[in-house]
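As provided, model.txt (compact mmCIF, C-alpha atoms) reads as follows.
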```txt
# COMPACT_ATOMS: atom_id res chain seq x y z
CA MET A 1 149.49 64.08 185.03
CA SER A 2 148.53 66.76 182.56
CA SER A 3 148.38 70.36 183.69
CA PRO A 4 144.90 71.72 184.47
CA ALA A 5 143.33 74.41 182.34
CA LEU A 6 143.77 77.47 184.53
CA LYS A 7 141.60 80.55 184.21
CA THR A 8 144.66 82.78 184.61
CA SER A 9 148.43 82.44 184.73
CA PRO A 10 149.05 82.47 188.50
CA SER A 11 152.81 82.08 188.07
CA LEU A 12 152.85 85.48 186.37
CA LEU A 13 150.47 87.05 188.85
CA GLN A 14 151.71 85.66 192.15
CA PRO A 15 151.86 88.40 194.78
CA THR A 16 154.44 88.68 197.52
CA PRO A 17 153.50 87.82 201.11
CA GLU A 18 153.61 91.53 201.93
CA GLN A 19 151.17 92.32 199.13
CA LEU A 20 148.75 89.66 200.36
CA VAL A 21 148.78 91.06 203.88
CA GLN A 22 148.31 94.58 202.49
CA ARG A 23 145.29 93.38 200.54
CA ALA A 24 143.85 91.85 203.70
CA ARG A 25 144.51 95.10 205.56
CA ALA A 26 142.68 97.06 202.84
CA MET A 27 139.63 94.82 203.30
CA VAL A 28 139.28 95.44 207.04
CA PRO A 29 137.13 98.63 206.77
CA ARG A 30 134.79 96.90 204.29
CA LEU A 31 134.47 93.88 206.56
CA LYS A 32 133.46 96.14 209.43
CA GLU A 33 130.88 97.85 207.22
CA ARG A 34 129.42 94.46 206.26
CA ALA A 35 129.43 93.07 209.79
CA ALA A 36 125.74 93.67 210.43
CA LYS A 37 124.80 92.12 207.09
CA THR A 38 127.08 89.17 207.74
CA ASP A 39 125.44 88.47 211.10
CA ALA A 40 121.91 89.04 209.83
CA GLU A 41 122.31 86.72 206.85
CA ARG A 42 124.29 84.22 208.95
CA LYS A 43 126.85 83.84 206.19
CA VAL A 44 129.79 85.78 204.82
CA PRO A 45 128.49 87.85 201.87
CA ASP A 46 129.19 86.51 198.41
CA GLU A 47 130.97 89.73 197.49
CA THR A 48 133.42 89.24 200.37
CA VAL A 49 134.30 85.71 199.24
CA ARG A 50 134.67 86.97 195.67
CA GLU A 51 137.08 89.69 196.83
CA MET A 52 139.07 87.12 198.83
CA LYS A 53 139.40 84.96 195.72
CA GLU A 54 140.44 87.93 193.59
CA ALA A 55 143.04 88.90 196.21
CA GLY A 56 144.56 85.41 195.97
CA PHE A 57 144.00 84.52 199.62
CA PHE A 58 142.76 80.98 199.00
CA ARG A 59 145.84 80.25 196.88
CA VAL A 60 148.36 80.83 199.68
CA LEU A 61 148.55 77.13 200.60
CA GLN A 62 147.20 75.71 197.34
CA PRO A 63 149.52 73.54 195.18
CA LYS A 64 151.23 75.35 192.31
CA LEU A 65 149.98 72.63 189.97
CA TYR A 66 146.54 74.17 190.45
CA GLY A 67 147.46 77.84 190.47
CA GLY A 68 148.50 78.08 194.09
CA TYR A 69 151.40 79.91 195.71
CA GLU A 70 152.72 77.21 198.11
CA MET A 71 153.75 79.86 200.65
CA ASP A 72 154.84 79.23 204.21
CA PRO A 73 151.97 78.84 206.68
CA GLN A 74 152.98 82.03 208.48
CA VAL A 75 151.68 84.01 205.47
CA PHE A 76 148.36 82.20 205.64
CA TYR A 77 147.90 82.95 209.33
CA GLU A 78 148.95 86.59 208.96
CA VAL A 79 146.29 87.09 206.29
CA LEU A 80 143.77 85.28 208.51
CA MET A 81 144.53 87.36 211.61
CA THR A 82 144.39 90.59 209.62
CA LEU A 83 140.96 89.75 208.21
CA ALA A 84 139.75 88.94 211.72
CA GLU A 85 140.42 92.50 212.82
CA GLY A 86 137.47 93.44 210.63
CA CYS A 87 135.30 90.32 210.91
CA MET A 88 136.06 87.11 212.75
CA SER A 89 133.43 85.17 210.80
CA THR A 90 135.17 86.05 207.54
CA ALA A 91 138.55 85.09 208.97
CA TRP A 92 137.15 81.88 210.42
CA ILE A 93 135.83 80.57 207.11
CA TYR A 94 139.04 81.68 205.41
CA GLY A 95 141.05 79.65 207.90
CA VAL A 96 138.89 76.56 207.59
CA ILE A 97 138.34 76.64 203.82
CA GLY A 98 141.85 77.86 203.02
CA VAL A 99 143.52 75.03 204.91
CA HIS A 100 141.62 72.50 202.78
CA ASN A 101 143.55 73.69 199.74
CA TRP A 102 146.62 72.53 201.65
CA GLN A 103 145.04 69.24 202.68
CA MET A 104 144.21 68.33 199.08
CA ALA A 105 147.93 67.83 198.49
CA LEU A 106 147.82 64.93 200.97
CA PHE A 107 145.18 62.99 199.01
CA ASP A 108 145.72 60.76 196.04
CA PRO A 109 146.42 63.27 193.20
CA ARG A 110 143.27 62.13 191.41
CA ALA A 111 141.21 63.88 194.08
CA ALA A 112 142.73 67.31 193.44
CA ALA A 113 142.38 66.77 189.69
CA GLU A 114 138.67 66.06 190.13
CA VAL A 115 138.12 69.15 192.26
CA TRP A 116 140.20 71.71 190.33
CA ALA A 117 140.62 70.41 186.76
CA GLN A 118 138.12 72.92 185.35
CA ASP A 119 138.20 75.73 187.93
CA THR A 120 141.04 76.29 190.39
CA ASP A 121 138.88 78.71 192.41
CA VAL A 122 136.56 75.93 193.60
CA LEU A 123 136.36 75.86 197.41
CA ILE A 124 136.04 72.96 199.85
CA ALA A 125 134.26 72.95 203.22
CA SER A 126 134.55 70.35 205.99
CA THR A 127 133.33 68.89 209.21
CA TYR A 128 135.76 66.34 210.58
CA MET A 129 133.74 64.83 213.41
CA PRO A 130 133.74 61.03 212.90
CA LYS A 131 130.01 60.73 212.24
CA GLY A 132 130.16 58.87 208.93
CA GLN A 133 128.75 55.36 208.62
CA VAL A 134 131.15 53.56 206.31
CA LYS A 135 130.65 50.34 204.35
CA PRO A 136 133.60 49.10 202.24
CA VAL A 137 132.60 48.14 198.69
CA ASP A 138 134.49 47.43 195.49
CA GLY A 139 136.62 50.48 194.64
CA GLY A 140 135.66 52.54 197.67
CA PHE A 141 132.94 52.99 200.26
CA ARG A 142 129.21 53.56 200.71
CA PHE A 143 128.97 56.54 203.02
CA SER A 144 126.13 58.05 205.08
CA GLY A 145 125.67 60.32 208.08
CA ARG A 146 124.90 63.73 209.49
CA TRP A 147 127.51 66.23 210.61
CA GLY A 148 127.34 69.66 212.23
CA PHE A 149 129.46 72.80 212.01
CA SER A 150 130.43 72.98 208.31
CA SER A 151 131.78 76.53 208.21
CA GLY A 152 131.40 78.43 204.94
CA ILE A 153 129.54 75.57 203.25
CA ASP A 154 127.36 78.01 201.27
CA HIS A 155 130.44 79.04 199.28
CA CYS A 156 131.79 75.55 198.61
CA GLU A 157 131.24 72.88 195.96
CA TRP A 158 132.94 70.06 197.86
CA VAL A 159 133.10 68.93 201.48
CA LEU A 160 135.51 66.89 203.62
CA LEU A 161 133.73 64.64 206.13
CA GLY A 162 135.03 62.44 208.93
CA GLY A 163 134.28 58.77 209.32
CA LEU A 164 135.54 55.61 211.00
CA ILE A 165 136.33 52.29 209.37
CA PHE A 166 135.99 49.31 211.71
CA ASN A 167 138.20 46.31 211.07
CA GLU A 168 137.84 43.27 213.31
CA GLY A 169 140.55 43.00 215.90
CA GLN A 170 141.99 46.46 215.10
CA PRO A 171 141.40 49.98 216.42
CA PRO A 172 138.97 52.11 214.36
CA GLU A 173 140.64 53.79 211.40
CA TYR A 174 139.79 57.48 211.02
CA ARG A 175 139.58 58.83 207.48
CA THR A 176 138.48 62.02 205.77
CA PHE A 177 136.05 61.51 202.89
CA LEU A 178 135.79 64.02 200.02
CA LEU A 179 132.34 64.47 198.43
CA PRO A 180 130.93 66.78 195.71
CA ARG A 181 127.82 68.89 196.36
CA ARG A 182 125.59 66.50 194.41
CA ASP A 183 126.22 63.90 197.12
CA PHE A 184 125.19 65.92 200.17
CA LYS A 185 122.43 68.15 201.52
CA VAL A 186 122.85 71.29 203.63
CA LEU A 187 120.49 71.86 206.56
CA ASP A 188 120.25 75.41 207.90
CA THR A 189 120.67 74.90 211.64
CA TRP A 190 122.97 77.87 212.29
CA HIS A 191 121.29 80.09 214.92
CA VAL A 192 124.03 81.02 217.36
CA MET A 193 125.33 83.77 219.65
CA GLY A 194 128.72 84.27 218.02
CA LEU A 195 130.51 83.61 214.74
CA LYS A 196 127.08 84.05 213.18
CA GLY A 197 128.46 84.76 209.74
CA THR A 198 130.34 81.48 209.44
CA GLY A 199 127.14 79.75 208.34
CA SER A 200 128.39 76.52 209.93
CA LYS A 201 125.38 74.42 208.92
CA ASP A 202 124.69 70.69 209.05
CA ILE A 203 125.59 68.24 206.28
CA VAL A 204 123.57 65.12 205.44
CA VAL A 205 124.79 62.28 203.22
CA GLU A 206 122.54 59.39 202.23
CA ASP A 207 124.34 56.32 200.89
CA ALA A 208 126.84 58.07 198.61
CA PHE A 209 129.68 56.22 196.90
CA VAL A 210 133.13 57.60 197.71
CA PRO A 211 136.02 56.11 195.73
CA GLU A 212 139.10 55.06 197.66
CA TYR A 213 141.20 57.83 196.12
CA ARG A 214 138.87 60.44 197.62
CA THR A 215 139.70 59.37 201.17
CA HIS A 216 142.64 60.26 203.40
CA LYS A 217 143.88 58.28 206.39
CA ALA A 218 144.64 60.20 209.57
CA SER A 219 147.56 57.85 210.14
CA ASP A 220 149.12 59.01 206.86
CA GLY A 221 148.80 62.59 208.03
CA PHE A 222 150.57 61.75 211.30
CA MET A 223 153.33 59.65 209.73
CA GLY A 224 153.88 61.76 206.61
CA THR A 225 153.03 58.84 204.30
CA ASN A 226 150.35 60.69 202.34
CA PRO A 227 149.35 59.39 198.89
CA GLY A 228 150.05 62.80 197.32
CA ARG A 229 153.65 63.09 198.50
CA GLU A 230 155.17 62.06 195.16
CA THR A 231 153.14 64.64 193.21
CA PHE A 232 152.94 67.54 195.66
CA THR A 233 156.55 67.67 196.79
CA ALA A 234 156.83 71.15 198.34
CA ASP A 235 158.16 71.23 201.89
CA LEU A 236 154.87 72.87 202.92
CA TYR A 237 153.03 69.58 202.45
CA LYS A 238 155.34 67.71 204.81
CA LEU A 239 153.87 69.50 207.80
CA PRO A 240 151.69 67.33 210.07
CA PHE A 241 148.00 67.93 209.40
CA GLY A 242 147.30 68.29 213.11
CA GLN A 243 149.74 71.20 213.43
CA ILE A 244 148.41 73.27 210.58
CA PHE A 245 144.68 72.62 211.08
CA VAL A 246 144.44 73.52 214.77
CA ARG A 247 145.95 76.92 214.08
CA ALA A 248 143.36 77.48 211.35
CA VAL A 249 140.61 77.42 214.00
CA SER A 250 142.39 79.36 216.74
CA SER A 251 144.25 82.17 214.97
CA ALA A 252 141.13 84.17 214.09
CA ALA A 253 140.73 84.85 217.81
CA ILE A 254 144.11 86.63 217.87
CA GLY A 255 143.05 88.95 215.07
CA GLY A 256 139.64 89.37 216.68
CA LEU A 257 141.31 90.39 219.93
CA GLN A 258 143.33 92.99 218.01
CA GLY A 259 140.08 94.31 216.52
CA ALA A 260 138.58 94.45 220.00
CA LEU A 261 141.61 96.32 221.33
CA ASP A 262 141.45 98.87 218.50
CA THR A 263 137.74 99.35 219.16
CA PHE A 264 138.37 99.78 222.87
CA LEU A 265 141.16 102.32 222.33
CA ASP A 266 139.00 104.44 220.03
CA PHE A 267 136.29 104.42 222.68
CA ALA A 268 138.44 104.86 225.79
CA LYS A 269 140.56 107.74 224.48
CA VAL A 270 137.55 110.06 224.33
CA ARG A 271 135.04 108.63 226.79
CA VAL A 272 134.04 110.61 229.85
CA GLY A 273 131.79 108.66 232.21
CA ASP A 274 128.60 109.94 233.83
CA MET A 275 130.58 110.67 236.99
CA GLY A 276 133.04 112.81 235.06
CA ASN A 277 135.85 110.27 235.02
CA LYS A 278 137.93 109.86 231.87
CA THR A 279 138.32 106.20 230.95
CA SER A 280 141.82 106.88 229.64
CA GLU A 281 142.89 107.92 233.13
CA GLN A 282 141.56 104.83 234.91
CA PRO A 283 144.25 102.29 235.97
CA PRO A 284 142.06 99.24 235.13
CA ALA A 285 141.56 100.55 231.60
CA GLN A 286 145.27 101.25 231.18
CA LEU A 287 146.16 97.75 232.38
CA ALA A 288 143.52 96.14 230.16
CA ALA A 289 144.98 97.88 227.11
CA SER A 290 148.60 97.06 227.89
CA GLU A 291 148.00 93.45 228.90
CA THR A 292 145.90 92.79 225.80
CA ALA A 293 148.56 94.26 223.51
CA LEU A 294 151.23 92.10 225.15
CA ALA A 295 149.09 88.98 224.86
CA ILE A 296 148.54 89.55 221.14
CA ASP A 297 152.24 90.09 220.56
CA GLU A 298 153.21 86.96 222.50
CA MET A 299 150.64 84.73 220.78
CA LYS A 300 151.77 85.87 217.34
CA LEU A 301 155.41 85.34 218.25
CA VAL A 302 154.74 81.77 219.39
CA LEU A 303 152.65 81.00 216.31
CA ASN A 304 155.38 82.18 213.93
CA ARG A 305 158.18 80.62 215.97
CA ASN A 306 156.52 77.22 215.99
CA PHE A 307 156.11 77.08 212.22
CA GLU A 308 159.62 78.41 211.69
CA VAL A 309 160.88 75.49 213.80
CA LEU A 310 158.82 72.94 211.89
CA MET A 311 159.67 74.29 208.44
CA LYS A 312 163.39 74.53 209.33
CA SER A 313 163.42 70.86 210.31
CA ILE A 314 161.58 69.86 207.16
CA ARG A 315 163.95 71.83 204.92
CA ALA A 316 166.91 70.23 206.65
CA GLY A 317 165.48 66.80 205.92
CA GLU A 318 165.02 66.05 209.60
CA PRO A 319 162.13 63.86 210.77
CA LEU A 320 159.51 65.53 212.93
CA SER A 321 159.92 62.82 215.53
CA ASP A 322 160.02 64.98 218.67
CA ILE A 323 156.57 64.09 220.02
CA GLN A 324 156.89 66.33 223.08
CA GLN A 325 157.61 69.29 220.81
CA ARG A 326 154.56 68.55 218.68
CA LEU A 327 152.42 68.15 221.80
CA ARG A 328 153.71 71.48 223.14
CA PHE A 329 152.86 73.22 219.87
CA ARG A 330 149.43 71.56 219.94
CA HIS A 331 148.76 72.78 223.47
CA GLN A 332 149.93 76.29 222.60
CA ALA A 333 147.43 76.38 219.74
CA ALA A 334 144.64 75.12 221.98
CA GLN A 335 145.17 77.76 224.68
CA VAL A 336 144.96 80.72 222.28
CA VAL A 337 141.19 81.21 222.31
CA GLU A 338 140.90 80.78 226.07
CA ARG A 339 143.54 83.47 226.51
CA CYS A 340 141.83 85.76 224.00
CA ALA A 341 138.51 85.25 225.79
CA LYS A 342 140.01 86.37 229.10
CA GLN A 343 141.57 89.44 227.50
CA VAL A 344 138.47 90.53 225.58
CA TYR A 345 136.43 90.19 228.77
CA GLN A 346 138.97 92.37 230.56
CA LEU A 347 138.46 95.04 227.89
CA PHE A 348 134.69 94.75 228.10
CA SER A 349 134.69 94.98 231.89
CA VAL A 350 136.31 98.43 231.88
CA CYS A 351 133.86 99.93 229.39
CA GLY A 352 131.34 100.67 232.10
CA GLY A 353 127.62 101.01 231.49
CA ARG A 354 128.13 102.00 227.86
CA GLY A 355 129.43 98.53 227.16
CA ILE A 356 126.09 96.77 227.70
CA PHE A 357 124.23 98.51 224.87
CA THR A 358 123.61 96.37 221.80
CA ASP A 359 125.13 98.92 219.41
CA PHE A 360 128.48 98.84 221.21
CA PRO A 361 130.93 97.49 218.60
CA LEU A 362 133.06 95.53 221.08
CA HIS A 363 130.23 93.00 221.48
CA ARG A 364 130.84 91.33 218.14
CA TYR A 365 134.45 90.51 218.98
CA LEU A 366 133.47 89.40 222.49
CA PHE A 367 130.79 86.96 221.30
CA ASP A 368 132.81 85.70 218.34
CA ILE A 369 135.80 84.86 220.53
CA MET A 370 133.54 83.16 223.07
CA ALA A 371 131.97 81.11 220.26
CA ALA A 372 135.40 80.09 218.95
CA ARG A 373 136.16 78.63 222.38
CA GLY A 374 133.50 76.00 221.73
CA HIS A 375 135.54 74.28 219.02
CA TYR A 376 136.94 70.92 220.08
CA ALA A 377 140.47 71.93 219.08
CA ASN A 378 140.32 75.03 221.29
CA ASN A 379 139.91 73.21 224.61
CA PRO A 380 143.28 73.73 226.34
CA ASP A 381 142.58 71.40 229.28
CA GLN A 382 142.58 68.05 227.50
CA PHE A 383 145.62 68.84 225.37
CA GLY A 384 147.47 70.38 228.29
CA ARG A 385 146.84 67.30 230.43
CA ASN A 386 148.11 65.00 227.69
CA TYR A 387 151.25 67.11 227.17
CA GLY A 388 151.91 67.19 230.89
CA ALA A 389 151.34 63.44 231.20
CA VAL A 390 153.89 62.73 228.47
CA MET A 391 156.37 65.02 230.22
CA LEU A 392 155.82 62.88 233.30
CA GLY A 393 156.59 59.66 231.46
CA LYS A 394 153.08 58.57 230.41
CA GLU A 395 152.03 57.44 226.94
CA ASN A 396 150.78 59.97 224.41
CA THR A 397 147.03 59.70 223.76
CA ASP A 398 146.70 62.29 220.97
CA TYR A 399 147.86 61.54 217.44
CA PHE A 400 146.30 64.62 215.81
CA ILE A 401 149.61 66.44 216.24
```

Represent the structure from my file as structure tokens, please.
Amino acid sequence: MSSPALKTSPSLLQPTPEQLVQRARAMVPRLKERAAKTDAERKVPDETVREMKEAGFFRVLQPKLYGGYEMDPQVFYEVLMTLAEGCMSTAWIYGVIGVHNWQMALFDPRAAAEVWAQDTDVLIASTYMPKGQVKPVDGGFRFSGRWGFSSGIDHCEWVLLGGLIFNEGQPPEYRTFLLPRRDFKVLDTWHVMGLKGTGSKDIVVEDAFVPEYRTHKASDGFMGTNPGRETFTADLYKLPFGQIFVRAVSSAAIGGLQGALDTFLDFAKVRVGDMGNKTSEQPPAQLAASETALAIDEMKLVLNRNFEVLMKSIRAGEPLSDIQQRLRFRHQAAQVVERCAKQVYQLFSVCGGRGIFTDFPLHRYLFDIMAARGHYANNPDQFGRNYGAVMLGKENTDYFI
């Protein structure tokens, strides 16, 4: 495969992980300033996405063949959580879109070449729900359907869509289908109470042709038998898709909770209630602050620990065959948003009457975290039950791990 024509020389410009996190930290005040605009327009502003590209954020997990950095996932999530301190919608679309640059390394290499051959800054959206109607034809598939919740689609030229292939006598085969913008329509359905700026609109496809090489089997992602494994050989791309994706849609809540805590501390340090009580002296407020700080610390520690374990095994050439471990990591990812929701409510509940006014800045974090809980991957009950069942000797029912 010939090398793509890059706009720049990323190998000469590649920042360190620390520099990337510093750049994200520098953006936080601007993200807060743009929060009202982001919510009102129901999309992350174009200038924010442009700044994220210029900072190199989308290249963290992108293959080096296309100007990426191929860094460990911990860097990606640290950037994501830092951005969320300023704006969870911005962090959310970064997590979702940014992880697609990792997923492209799983596809047949012809797919990445088609997406990035002319411009390595091109972004890819998704909605993985298996809504696609699939008809096998010579060389690929005819593909139709309507999907919801395509976060950041306004900034993307391609989209990844879920669909099922039905073969007689066999279980349905789940695949991801990659389509260019000319093959889909965007319907503006995004009128929501939280994560307003994600612009997670509907996608409609009407009888598009998708070549075989622009599809990816979920079974390949689980087994590590991806078509791109001979071209994109970095250890990063040996991670199971289920492990890296679920953290892309839960980790913004951790950063959002940190933003909520910072907002609460600024408020509570100086607030004197109408009855003359100082919030900083109230035991419930003190406990809310300390318990939230501990929760953030613990969730970050588990996130980083889990990927350190996975990457260590991969680098040692060990198979990721411990299903209980992968189920535990999956459940830990799924419980993050529920835990963040409980903590942000605890902060809100000690703000008193001031907290109910619409200009109170804690609201945005509260509603965004609550909205994140609605994602399928962030339901801790179903994944916790499956993990517990396997511990008790039952069969695993979840292969997105």

How would you write as a list in words the residues that get within 9 Å of (139.2, 74.8, 207.9) in the file's frame, counting all atoms listed in the file?
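Returned residue set, sorted by chain then number, is Trp92, Ile93, Tyr94, Gly95, Val96, Ile97, Gly98, Val99, His100, Ile124, Ala125, Ser126, Thr127, Ser150, Ser151, Phe245, Val246, Ala248 and Val249 of chain A.
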
Rounded to one decimal place, report the atom CA of A:Tyr399-atom CA of A:Ala252 distance in Å.
23.8 Å

List as an MDAnalysis selection string the protein and nucleic acid residues near A:Val137, meaning an atom at most 10 Å away when only C-alpha atoms are counted, but skip any in the same chain fewer than 3 places from it.
chainID A and resid 134 140:142 209:212

If you keep C-alpha atoms, can you produce a file of those selected residues as a PDB file, in the frame of the given file?
```pdb
ATOM      1  CA  VAL A 134     131.150  53.560 206.310  1.00  0.00           C
ATOM      2  CA  GLY A 140     135.660  52.540 197.670  1.00  0.00           C
ATOM      3  CA  PHE A 141     132.940  52.990 200.260  1.00  0.00           C
ATOM      4  CA  ARG A 142     129.210  53.560 200.710  1.00  0.00           C
ATOM      5  CA  PHE A 209     129.680  56.220 196.900  1.00  0.00           C
ATOM      6  CA  VAL A 210     133.130  57.600 197.710  1.00  0.00           C
ATOM      7  CA  PRO A 211     136.020  56.110 195.730  1.00  0.00           C
ATOM      8  CA  GLU A 212     139.100  55.060 197.660  1.00  0.00           C
TER       9      GLU A 212
END
```

Can you tell me which residues surround A:Ile244 at a distance of at most 9 Å, considering only C-alpha atoms, apart from same-chain residues fewer than 4 positions away, and format the answer as a PyMOL selection string?
chain A and resi 73+99+239-240+248+307+401

Nearest candidate to A:Asp202 (options A:Gly145, A:Gly242, A:Gly256, A:Gly355; using only C-alpha atoms):
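Comparing A:Gly145, A:Gly242, A:Gly256, A:Gly355 against A:Asp202, the winner is A:Gly145.
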
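Nearest residue to A:Cys351, choosing from A:Ala316, A:Ala372, A:Leu392, A:Ala268 and counting only C-alpha atoms: A:Ala268.
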